[in-house]
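First comes the structure, then the notes that go with it.
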Amino acid sequence: MHIPDGFLSPAVSAAAYVISGGTLAAGIRSRLKKRLEQDKIPLMGVMAAFVFAAQMVNFPIIGGTSGHLIGAVLCAAIFGPWTAAIIMTTILAVQCFIFGDGGVTALGANVLNMGILAVFAGYFIYKLFYKIQNRVSYASLFISSWFSVVLSAVLASIEISVSGLNSAAFIEIVKLMVYWHMLIGIGEGIITVLIVKYLKRIKPDLFEYEKV
Amino acid sequence: MRNFISGIVFKGILICFAVVLFLVPIASPNPDGLERVAKDKDFDKNARVPLVTALLPDYSVPWLKDTKLSSIVSGGAGVLITFGLVYLVGKAVSKPKKQD
């Protein structure tokens with residue numbers, strides 16, 4: 001759901017940039033600089049590259065639409081939310097500036113939706129399950145991944161609607177966005193679970209590392 | 001540990017390339033969720049040509065035109081660029097290594 005240039009008003013674009021930028025800056029200062037160990041970096045690079053590649057693989061959805069993995073919960077489950085937010089932001093920036101996927105004016109919003117909200121909301125739900133079940137469960141991964149997609153779609157709808165650059169009613173946009181992304185979220189959930197299954201097989205303690 | 005990391009990195013990047021080589025060419029051409037809503041609600045026409053000229057616009061290599069090879073090559077480039085940039089960003093935001 002990379003928002004292109006032309007969908008957001010200058011005010012919404014700027015507000016999103018400020019919120020995203022401020023959040024990331026706070027996270028870097030108060031968490032990452034204090035707790036992110038450098039030995040995580042090669043793995044961060046690989047996961048980021050994988051999420052980038054996976055985001056190119058659109059899967060068809062009933063009704064003539066398609067979706068693709070966002071990867072927010074996948075990254076958060078391995079690295080923790082702040083590290084995942086940095087990873088997602090970097091991917092979004094590469095997509096925006098190198099590939100023209102997502103507008104420059106919309107980068108703040110795209111980061112807010114897919115790099116911050118998807119990550120933190122998804123991770124929050126994932127952690128909640130973990131506290132109750134005391135293990136990494138596929139149900140928790142599926143549900144948190146699904147919510148990460150749907151919630152970021154809701155926020156994108158709000159941004160587009162508040163921008164007022166089109167005549168569609170807010171409720172119409174949100175209804176449709178949520179509808180499609182509820183379906184896309186199923187794909188996100190399935191793909192996330194399959195990838196985690198594979199990763200647990202090749203490196204069982206990957207999900208036990210300290211999360212930042 | 002070092003060998004393990006470089007092993008995982010090497011294997012991981014290979015997997016990324018495999019995804020680009022085998023899955024990207026068969027990716028669905030259908031519009032994604034947002035594009036679909038924009039089309040149905042008639043605001044897709046608001047989309048502007050990107051304000052910043054992209055190097056590999058729309059995941060294609062300019063001189064390879066709009067072919068599957070174009071997507072594969074640009075995807076492969078994207079894998080390496082993303083790995084490299086996250087590596088650099090990671091170094092910049094992580095805990096500084098203790099100086100002995």
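Residues in the structure tokens are numbered from 1 in each chain, the chains being A, B, ... in the order shown, and ligands are numbered from 1 in the order shown.
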
Report task. Could you list, as a ChimeraX atom specification, the residues of chain B having an atom within 7 Å of chain A when counting only C-alpha atoms? Result -> /B:9,12-13,16,19-20,23-24,27-28,30-34,36-37,41,43,46-48,50-52,54-59,75,79,82-84,86-87,90-91,93-95

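Residue neighbourhood of Ser74 in chain B, excluding near-sequence residues (fewer than 3 positions): Leu56, Tyr59, Ser60, Val61, Ser70, Ser71, Ala77 and Gly78 of chain B, at 8 Å, using only C-alpha atoms.
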
Same residues, C-alpha atoms, output as a tab-separated table (two decimals), in the first residue's frame:
chain	number	residue	atom	x	y	z
B	56	LEU	CA	15.06	1.91	-11.68
B	59	TYR	CA	11.21	-2.03	-10.77
B	60	SER	CA	12.53	-1.99	-14.31
B	61	VAL	CA	15.90	-1.33	-15.90
B	70	SER	CA	14.15	-6.10	-16.41
B	71	SER	CA	12.26	-6.91	-13.20
B	77	ALA	CA	20.00	-4.73	-7.61
B	78	GLY	CA	17.42	-3.85	-4.99

Query raised in the report: Do you know which residues are at most 9 Å from Ala139 in chain A counting only C-alpha atoms, after dropping those on the same chain fewer than 6 positions away, and could you put them as a list in words?
Result: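 Once the adjacent positions are removed, what remains is Phe129, Gly189 and Val193 of chain A.
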
Query raised in the report: Using only C-alpha atoms, which of the listed residues (A:Asn134, A:Ser9, A:Ser20, A:Ser140) sits closest to Gly164 in chain A?
Result: A:Ser9

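Considering only C-alpha atoms, the residue among A:Ile171, A:Ala118, A:Ala85, A:Leu141 positioned nearest to Ile190 in chain A is A:Leu141.
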
Query - d(CA of Ser148 in chain A, CA of Leu14 in chain B) in Å - result: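 If I compute the distance from CA of Ser148 in chain A to CA of Leu14 in chain B, I get 27.9 Å.
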
Report task. Check chain B with DSSP on the backbone and list each residue it calls alpha helix (DSSP H), as a ChimeraX atom specification. Result -> /B:2-18,33-40,68-93

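Of the listed residues (A:Val149, A:Val73, A:Phe207, A:Ala14), A:Val73 comes nearest to Phe120 in chain A; the distances count only C-alpha atoms.
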
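Across the model, the gap from CA of Thr192 in chain A to CA of Ile143 in chain A is 10.3 Å.
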
Query raised in the report: Near Val162 in chain A, counting only C-alpha atoms, which residues have an atom at most 8 Å away, once you skip same-chain residues fewer than 4 positions from it, shown as a PyMOL selection string?
Result: chain A and resi 12+158+170
